[in-house]
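Chemist: Following this line is structure_2.txt, made up of compact mmCIF, C-alpha atoms and all ligand atoms:
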# COMPACT_ATOMS: atom_id res chain seq x y z
CA MET A 18 90.14 97.97 132.12
CA LEU A 19 89.92 94.33 131.18
CA LEU A 20 87.58 93.56 134.08
CA ALA A 21 85.39 96.53 133.23
CA TYR A 22 85.19 95.36 129.64
CA GLN A 23 84.30 91.83 130.65
CA SER A 24 81.58 92.92 132.99
CA HIS A 25 79.71 94.69 130.19
CA THR A 26 79.82 92.07 127.47
CA SER A 27 79.15 88.40 127.02
CA ARG A 28 82.47 87.61 125.38
CA PRO A 29 85.23 85.99 127.39
CA ALA A 30 88.08 88.46 126.83
CA PRO A 31 88.87 91.09 124.25
CA PHE A 32 92.05 89.40 123.14
CA ARG A 33 90.74 85.87 123.00
CA SER A 34 93.00 84.05 120.61
CA ALA A 35 91.47 82.53 117.53
CA VAL A 36 94.88 81.49 116.22
CA PHE A 37 96.37 78.32 117.65
CA PRO A 38 99.82 76.82 117.08
CA VAL A 39 99.76 73.84 114.76
CA SER A 40 102.28 71.11 114.15
CA SER A 41 103.30 71.24 110.53
CA ARG A 42 100.69 69.68 108.28
CA ALA A 43 101.18 68.94 104.61
CA MET A 44 99.17 71.29 102.45
CA ASN A 45 97.42 70.04 99.35
CA PRO A 46 99.72 70.44 96.31
CA THR A 47 97.15 72.77 94.74
CA THR A 48 97.21 75.02 97.81
CA ASN A 49 101.02 75.05 97.66
CA ILE A 50 100.86 76.24 94.07
CA ALA A 51 98.35 78.93 95.05
CA VAL A 52 100.73 80.07 97.82
CA ARG A 53 103.58 80.28 95.31
CA ALA A 54 101.40 82.22 92.86
CA ALA A 55 100.21 84.61 95.59
CA ARG A 56 103.81 85.34 96.63
CA GLN A 57 104.75 86.15 93.02
CA ALA A 58 101.79 88.52 92.75
CA GLY A 59 102.70 90.00 96.15
CA ASN A 60 106.17 90.85 94.81
CA VAL A 61 104.64 92.64 91.82
CA ILE A 62 102.24 94.57 94.07
CA MET A 63 104.81 95.57 96.69
CA ARG A 64 107.47 96.65 94.15
CA SER A 65 105.12 99.43 93.01
CA PHE A 66 103.65 100.41 96.37
CA SER A 67 106.25 103.15 96.79
CA ARG A 68 105.67 104.65 93.32
CA LEU A 69 101.89 104.79 93.10
CA ASP A 70 101.91 108.22 91.43
CA SER A 71 103.51 106.79 88.30
CA LEU A 72 100.96 104.01 87.74
CA THR A 73 98.61 103.97 84.76
CA VAL A 74 95.06 103.69 86.07
CA SER A 75 91.84 103.33 84.09
CA GLU A 76 88.18 103.15 85.10
CA LYS A 77 86.58 99.87 83.90
CA ASP A 78 83.18 101.08 85.06
CA VAL A 79 81.90 103.77 87.42
CA ASN A 80 84.17 103.66 90.51
CA ASP A 81 85.81 100.44 89.26
CA PHE A 82 89.51 101.14 88.80
CA VAL A 83 92.21 98.93 87.35
CA SER A 84 95.93 99.56 87.17
CA GLU A 85 98.78 97.92 85.34
CA ILE A 86 99.60 96.31 88.71
CA ASP A 87 96.28 94.39 88.80
CA ARG A 88 97.10 93.03 85.32
CA ASN A 89 100.78 92.28 86.04
CA ALA A 90 99.87 90.54 89.29
CA GLU A 91 97.23 88.47 87.51
CA ASN A 92 99.75 87.45 84.81
CA ALA A 93 102.21 86.36 87.50
CA ILE A 94 99.52 84.17 89.10
CA LEU A 95 98.40 82.70 85.76
CA ASP A 96 102.02 81.84 84.78
CA THR A 97 102.52 79.88 88.00
CA ILE A 98 99.20 78.04 87.74
CA HIS A 99 99.57 77.25 84.03
CA LYS A 100 103.03 75.76 84.60
CA ALA A 101 101.72 73.44 87.31
CA TYR A 102 98.24 72.70 85.93
CA PRO A 103 98.08 73.52 82.21
CA GLY A 104 94.65 71.85 81.77
CA HIS A 105 92.78 73.62 84.54
CA ALA A 106 90.16 76.29 83.75
CA ILE A 107 90.50 79.85 85.02
CA LEU A 108 88.13 82.61 86.09
CA ALA A 109 90.24 85.70 86.75
CA GLU A 110 88.96 89.21 87.43
CA GLU A 111 91.00 91.01 84.79
CA SER A 112 91.23 88.45 81.97
CA GLY A 113 87.94 86.61 82.48
CA ALA A 114 87.16 82.93 81.93
CA HIS A 115 89.54 80.63 80.03
CA GLY A 116 89.40 76.89 79.37
CA LYS A 117 86.94 74.20 80.36
CA ASP A 118 87.76 71.65 83.04
CA ASP A 119 86.36 70.16 86.25
CA PHE A 120 89.00 72.19 88.10
CA GLN A 121 88.66 75.96 87.97
CA TRP A 122 90.85 78.59 89.63
CA ILE A 123 89.05 81.74 90.77
CA ILE A 124 91.46 84.66 91.04
CA ASP A 125 91.38 88.25 92.26
CA PRO A 126 94.97 89.46 91.73
CA LEU A 127 94.50 92.59 93.84
CA ASP A 128 91.48 92.83 96.11
CA GLY A 129 91.25 96.36 97.44
CA THR A 130 92.51 98.21 94.36
CA THR A 131 91.02 101.52 95.51
CA ASN A 132 92.85 101.19 98.84
CA TYR A 133 96.09 100.28 97.05
CA LEU A 134 95.90 103.23 94.68
CA HIS A 135 95.47 105.58 97.66
CA GLY A 136 98.29 104.00 99.65
CA PHE A 137 95.71 102.77 102.20
CA PRO A 138 97.32 99.65 103.67
CA GLN A 139 94.57 97.05 103.25
CA PHE A 140 94.64 94.88 100.12
CA ALA A 141 95.27 91.24 99.25
CA ILE A 142 95.59 88.55 96.63
CA SER A 143 92.80 85.97 96.54
CA ILE A 144 93.11 82.57 94.86
CA ALA A 145 90.63 79.69 95.15
CA LEU A 146 90.36 76.33 93.41
CA THR A 147 87.02 74.63 92.78
CA HIS A 148 86.39 71.05 91.63
CA ARG A 149 83.01 70.64 89.92
CA GLY A 150 81.95 73.87 91.61
CA ARG A 151 83.03 72.85 95.13
CA LEU A 152 85.73 74.92 96.86
CA GLU A 153 88.83 72.82 97.53
CA SER A 154 91.81 75.17 98.11
CA ALA A 155 92.00 78.78 99.24
CA VAL A 156 94.72 81.38 99.65
CA VAL A 157 94.34 85.00 100.72
CA TYR A 158 97.69 86.80 100.99
CA ASP A 159 98.32 90.21 102.56
CA PRO A 160 101.71 91.15 101.11
CA LEU A 161 102.16 94.21 103.34
CA ARG A 162 101.97 92.23 106.57
CA ASP A 163 103.23 89.00 105.01
CA GLU A 164 100.13 87.19 106.27
CA MET A 165 99.32 84.05 104.27
CA PHE A 166 95.84 82.66 105.00
CA THR A 167 95.33 79.16 103.58
CA ALA A 168 92.67 76.46 103.67
CA ASP A 169 92.24 72.97 102.24
CA ARG A 170 88.79 71.41 102.25
CA GLY A 171 88.65 69.15 105.32
CA GLY A 172 92.12 70.25 106.45
CA GLY A 173 91.34 73.41 108.40
CA ALA A 174 92.48 76.98 107.89
CA LEU A 175 95.85 78.49 108.75
CA LEU A 176 97.43 81.92 109.09
CA ASN A 177 101.06 81.24 108.18
CA ASP A 178 101.59 78.12 110.34
CA ARG A 179 98.91 78.83 112.96
CA ARG A 180 95.49 77.19 112.93
CA LEU A 181 92.47 79.50 112.71
CA ARG A 182 89.15 79.41 114.51
CA VAL A 183 86.19 81.77 114.27
CA THR A 184 85.11 83.45 117.52
CA ASP A 185 82.44 82.07 119.80
CA GLN A 186 80.66 85.45 120.08
CA LYS A 187 77.01 84.44 120.37
CA VAL A 188 75.12 87.71 120.32
CA LEU A 189 75.24 90.99 118.42
CA LYS A 190 75.85 92.96 121.61
CA GLY A 191 79.61 93.25 121.89
CA ALA A 192 80.29 91.91 118.37
CA LEU A 193 82.66 93.56 115.89
CA LEU A 194 81.35 93.20 112.33
CA GLY A 195 82.94 93.89 108.97
CA THR A 196 81.03 95.03 105.92
CA GLY A 197 81.32 96.60 102.49
CA ILE A 198 79.33 99.73 101.63
CA PRO A 199 77.92 99.59 98.07
CA TYR A 200 79.79 102.12 95.94
CA ARG A 201 79.28 100.86 92.38
CA ASP A 202 75.93 99.13 92.11
CA GLN A 203 73.47 101.30 94.05
CA ARG A 204 70.45 98.97 93.57
CA TYR A 205 70.43 97.79 97.18
CA MET A 206 71.50 101.05 98.82
CA ASP A 207 68.30 101.61 100.83
CA ALA A 208 68.11 97.98 101.92
CA TYR A 209 71.81 98.08 102.85
CA LEU A 210 71.47 101.29 104.88
CA GLY A 211 68.61 99.72 106.86
CA MET A 212 70.85 96.77 107.74
CA LEU A 213 73.76 99.07 108.59
CA LYS A 214 71.57 101.13 110.92
CA ASP A 215 70.33 98.07 112.82
CA PHE A 216 73.80 96.51 113.12
CA THR A 217 75.31 99.85 114.17
CA GLN A 218 72.77 100.13 116.98
CA GLU A 219 73.12 96.52 118.14
CA THR A 220 76.86 95.73 117.94
CA ALA A 221 80.13 97.04 119.39
CA GLY A 222 81.06 98.45 116.00
CA ILE A 223 81.23 98.09 112.24
CA ARG A 224 84.39 98.20 110.11
CA ARG A 225 84.64 98.80 106.34
CA PRO A 226 88.28 97.99 105.59
CA GLY A 227 87.88 97.73 101.78
CA SER A 228 89.15 94.26 100.88
CA ALA A 229 86.44 91.61 101.05
CA ALA A 230 89.02 88.83 100.74
CA LEU A 231 90.76 90.07 103.91
CA ASP A 232 87.42 90.66 105.64
CA PHE A 233 86.63 86.95 105.28
CA ALA A 234 90.17 86.01 106.36
CA TYR A 235 89.68 88.18 109.47
CA VAL A 236 86.41 86.39 110.31
CA ALA A 237 88.31 83.08 109.98
CA ALA A 238 91.05 84.46 112.25
CA GLY A 239 88.61 85.77 114.87
CA ARG A 240 89.58 89.40 114.28
CA LEU A 241 86.00 90.09 113.19
CA ASP A 242 83.03 88.24 114.66
CA GLY A 243 81.06 88.44 111.41
CA PHE A 244 80.79 90.07 108.01
CA TRP A 245 78.11 90.91 105.45
CA GLU A 246 78.13 92.57 102.03
CA LEU A 247 75.82 92.80 99.01
CA GLY A 248 76.87 92.59 95.36
CA LEU A 249 80.30 90.97 95.63
CA SER A 250 81.87 89.16 92.69
CA VAL A 251 82.79 85.52 93.17
CA TRP A 252 86.56 86.27 92.94
CA ASP A 253 86.25 88.69 95.89
CA PHE A 254 85.28 85.96 98.35
CA ALA A 255 85.60 82.41 96.91
CA ALA A 256 88.85 81.86 98.82
CA GLY A 257 87.54 83.72 101.87
CA ALA A 258 84.44 81.55 102.03
CA LEU A 259 86.51 78.35 102.32
CA LEU A 260 88.75 80.00 104.94
CA VAL A 261 85.73 80.82 107.11
CA GLU A 262 84.17 77.36 106.70
CA GLU A 263 87.44 75.60 107.49
CA ALA A 264 87.85 77.81 110.56
CA GLY A 265 84.50 76.46 111.81
CA GLY A 266 82.26 79.27 110.56
CA VAL A 267 79.23 79.49 108.32
CA VAL A 268 78.92 81.32 104.99
CA SER A 269 75.52 81.88 103.38
CA ASP A 270 73.57 84.25 101.21
CA ILE A 271 71.77 87.06 103.03
CA ALA A 272 68.57 85.04 103.38
CA GLY A 273 70.56 82.28 105.12
CA GLY A 274 70.53 80.05 101.99
CA SER A 275 73.37 78.68 99.89
CA ARG A 276 73.24 80.92 96.80
CA HIS A 277 76.00 83.30 97.93
CA LEU A 278 78.53 82.32 95.25
CA GLU A 279 75.90 83.10 92.58
CA THR A 280 74.35 86.22 94.11
CA GLY A 281 77.37 87.83 95.79
CA ASN A 282 75.09 88.78 98.71
CA VAL A 283 76.79 87.15 101.66
CA ILE A 284 77.01 86.69 105.43
CA ALA A 285 79.93 85.00 107.23
CA ALA A 286 80.19 84.33 110.98
CA ASN A 287 80.21 81.60 113.61
CA ILE A 288 77.00 79.59 113.57
CA ARG A 289 75.31 81.33 116.54
CA LEU A 290 76.07 84.86 115.42
CA HIS A 291 75.24 83.96 111.83
CA GLY A 292 71.65 83.18 112.88
CA LYS A 293 71.41 86.55 114.64
CA MET A 294 72.72 88.31 111.55
CA VAL A 295 70.18 86.56 109.30
CA ASP A 296 67.40 87.66 111.71
CA THR A 297 68.60 91.29 111.65
CA ILE A 298 68.90 91.39 107.86
CA ARG A 299 65.55 89.66 107.15
CA PRO A 300 63.28 92.74 107.47
CA HIS A 301 65.52 94.61 104.99
CA LEU A 302 65.82 91.93 102.30
CA PRO A 303 65.61 93.58 98.86
C1 LIG B 1 86.48 95.20 96.00
C2 LIG B 1 86.79 94.97 97.47
C3 LIG B 1 85.82 95.72 98.34
C4 LIG B 1 84.38 95.35 98.05
C5 LIG B 1 84.09 95.53 96.57
C6 LIG B 1 85.09 94.73 95.72
P1 LIG B 1 88.41 95.15 94.11
O1 LIG B 1 87.35 94.47 95.17
O2 LIG B 1 86.70 93.61 97.79
O3 LIG B 1 86.03 95.47 99.70
O4 LIG B 1 83.53 96.16 98.79
O5 LIG B 1 82.77 95.11 96.31
O6 LIG B 1 84.80 94.92 94.36
O7 LIG B 1 87.61 95.85 93.06
O8 LIG B 1 89.26 96.06 94.88
O9 LIG B 1 89.13 93.94 93.59
CA CA B 2 87.92 92.23 94.50
CA CA B 3 90.58 93.13 92.11
Translate the structure of the given file into structure tokens.

Modeler:
Amino acid sequence: MLLAYQSHTSRPAPFRSAVFPVSSRAMNPTTNIAVRAARQAGNVIMRSFSRLDSLTVSEKDVNDFVSEIDRNAENAILDTIHKAYPGHAILAEESGAHGKDDFQWIIDPLDGTTNYLHGFPQFAISIALTHRGRLESAVVYDPLRDEMFTADRGGGALLNDRRLRVTDQKVLKGALLGTGIPYRDQRYMDAYLGMLKDFTQETAGIRRPGSAALDFAYVAAGRLDGFWELGLSVWDFAAGALLVEEAGGVVSDIAGGSRHLETGNVIAANIRLHGKMVDTIRPHLP
């Protein structure tokens, strides 16, 4: 089976490890605080995962749901960050922007709310820290699997205590890509469907798991070869972008430029595959 697989694709082996053991390395203090905050939010989220029917849910916008859990998880994160860094500014999905400082925390307390509310086991907490707009610390935490993805600028990316590396998949043939299908803002639907069609025909498969933060973490961990989505908010992928970069990958906007944090239109992959993805998307650019 393994030999048959190898003979048809250019990748070395289906279970090539992108997670390497690492001797313990000191994390930045800010990343440690983000880990603590993510664990607190994870407790809030998991306590209610077995009683989803009793949650109060409201629709912020068309297909944009929020529950008391999103808000409680965000409060837990903010408490932890405020105690450690009372002067830092915040941009959080549910409570918006607070404070003015060179340091700003970018927080999605529950990424994958729709999954969570349906009991679909794919959601995460995403916390990033920027300094003068540059990403410095990142945490994406999957509380169901107890997987803590962390990155410090210049210090690499880890899954728990294992070092992460993007795959070396060089071509679309044989690649597994993640994506997000537009479900709120339909502006780019036709452009998106053109991209989806081409990638579906050229790759081994496309996955739409429903948590952009985890999609990026999975690119960093080599579980996905690449990812693209249009119309994300910065809190969906600020932490994920640093994870991918620190795992040796490239993150860009869909034209291959650097405006992804502003536009929310984003591609993440290893450098070779990233170029192939930009080429495939180019004819469909909105
Ligand atoms: C959503 C998830 C989803 C992506 C959406 C996001 P939310 O975040 O990341 O994968 O496709 O664009 O809004 O609303 O669950 O925090
Ligand atoms: Ca989100
Ligand atoms: Ca959210």

Chemist: Have a look at atom CA of His105 of chain A and atom CA of Glu262 of chain A and let me know their distance in Å, one decimal.

Modeler: 24.1 Å

Chemist: Once you count all atoms listed in the file, which residues end up no further than 12 Å from (98.8, 87.4, 98.6) in the file's frame, shown as JSON, numbers by chain?

Modeler: {"A": [51, 52, 53, 54, 55, 56, 57, 58, 59, 60, 61, 62, 63, 90, 91, 93, 94, 124, 125, 126, 127, 128, 129, 139, 140, 141, 142, 143, 144, 145, 155, 156, 157, 158, 159, 160, 161, 162, 163, 164, 165, 166, 167, 176, 177, 230, 231, 234, 256]}

Chemist: Would you mind listing what lies within 6 Å of segment 243-248 of chain A as a ChimeraX atom specification, with all atoms listed in the file counted and same-chain residues fewer than 3 positions away left out?

Modeler: /A:194-197,236,281-286

Chemist: How would the residues just picked look written out with C-alpha atoms as an mmCIF file, keeping the file's coordinate frame?

Modeler:
data_model
loop_
_atom_site.group_PDB
_atom_site.id
_atom_site.type_symbol
_atom_site.label_atom_id
_atom_site.label_comp_id
_atom_site.auth_asym_id
_atom_site.auth_seq_id
_atom_site.Cartn_x
_atom_site.Cartn_y
_atom_site.Cartn_z
ATOM 1 C CA LEU A 194 81.350 93.200 112.330
ATOM 2 C CA GLY A 195 82.940 93.890 108.970
ATOM 3 C CA THR A 196 81.030 95.030 105.920
ATOM 4 C CA GLY A 197 81.320 96.600 102.490
ATOM 5 C CA VAL A 236 86.410 86.390 110.310
ATOM 6 C CA GLY A 281 77.370 87.830 95.790
ATOM 7 C CA ASN A 282 75.090 88.780 98.710
ATOM 8 C CA VAL A 283 76.790 87.150 101.660
ATOM 9 C CA ILE A 284 77.010 86.690 105.430
ATOM 10 C CA ALA A 285 79.930 85.000 107.230
ATOM 11 C CA ALA A 286 80.190 84.330 110.980
#

Chemist: With all atoms listed in the file as the basis for distance, which of A:Ala101, A:Ala229, A:Leu181, A:Ala264 is at the shortest distance from ligand LIG 1 (chain B)?

Modeler: A:Ala229

Chemist: One decimal, in Å: what's the spacing between atom CA of Ser67 of chain A and atom CA of Asn132 of chain A?

Modeler: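 So the two atoms, atom CA of Ser67 of chain A and atom CA of Asn132 of chain A, lie 13.7 Å apart.
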
Chemist: (96.2, 73.8, 102.1) in this file's frame - what residues fall within 7 Å of it? Use all atoms listed in the file and give the answer as an mmCIF file with C-alpha atoms, in the frame of the given file.

Modeler:
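Okay, result-v9.cif is ready:
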data_model
loop_
_atom_site.group_PDB
_atom_site.id
_atom_site.type_symbol
_atom_site.label_atom_id
_atom_site.label_comp_id
_atom_site.auth_asym_id
_atom_site.auth_seq_id
_atom_site.Cartn_x
_atom_site.Cartn_y
_atom_site.Cartn_z
ATOM 1 C CA MET A 44 99.170 71.290 102.450
ATOM 2 C CA ASN A 45 97.420 70.040 99.350
ATOM 3 C CA THR A 48 97.210 75.020 97.810
ATOM 4 C CA ASN A 49 101.020 75.050 97.660
ATOM 5 C CA SER A 154 91.810 75.170 98.110
ATOM 6 C CA THR A 167 95.330 79.160 103.580
ATOM 7 C CA ALA A 168 92.670 76.460 103.670
ATOM 8 C CA ASP A 169 92.240 72.970 102.240
ATOM 9 C CA GLY A 172 92.120 70.250 106.450
#

Chemist: So the first atom is atom CA of Ile223 of chain A and the second is atom CA of Leu193 of chain A; what is the distance between them in Å, to one decimal place?

Modeler: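 Separation between atom CA of Ile223 of chain A and atom CA of Leu193 of chain A: 6.0 Å.
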
Chemist: Find the residues near Leu134 of chain A: any atom within 10 Å, counting only C-alpha atoms, skip ones fewer than 4 places away on the same chain, and give them as an MDAnalysis selection string.

Modeler: chainID A and resid 66 68:70 72 74 82:84 86 129:130 138

Chemist: Restricting the calculation to only C-alpha atoms and all ligand atoms, which member of A:Ile50, A:Leu213, A:Leu241, A:Val251 is positioned closest to ligand CA 2 (chain B)?

Modeler: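 Using only C-alpha atoms and all ligand atoms, ligand CA 2 (chain B) sits closest to A:Val251.
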
Chemist: Determine the nearest neighbour of ligand CA 2 (chain B) from the options A:Leu95, A:Ala114, A:Val183, A:Ile123, counting all atoms listed in the file.

Modeler: A:Ile123

Chemist: Do you know which residues are at most 10 Å from segment 300-302 of chain A counting only C-alpha atoms, after dropping those on the same chain fewer than 2 positions away, and could you put them as an MDAnalysis selection string?

Modeler: chainID A and resid 205 207:212 215 271:272 295:298

Chemist: Pick from A:Thr184, A:Gln121, A:Asn92, A:Ser228: nearest to ligand CA 2 (chain B), with only C-alpha atoms and all ligand atoms counted?

Modeler: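 Under the stated criterion, the closest residue is A:Ser228.
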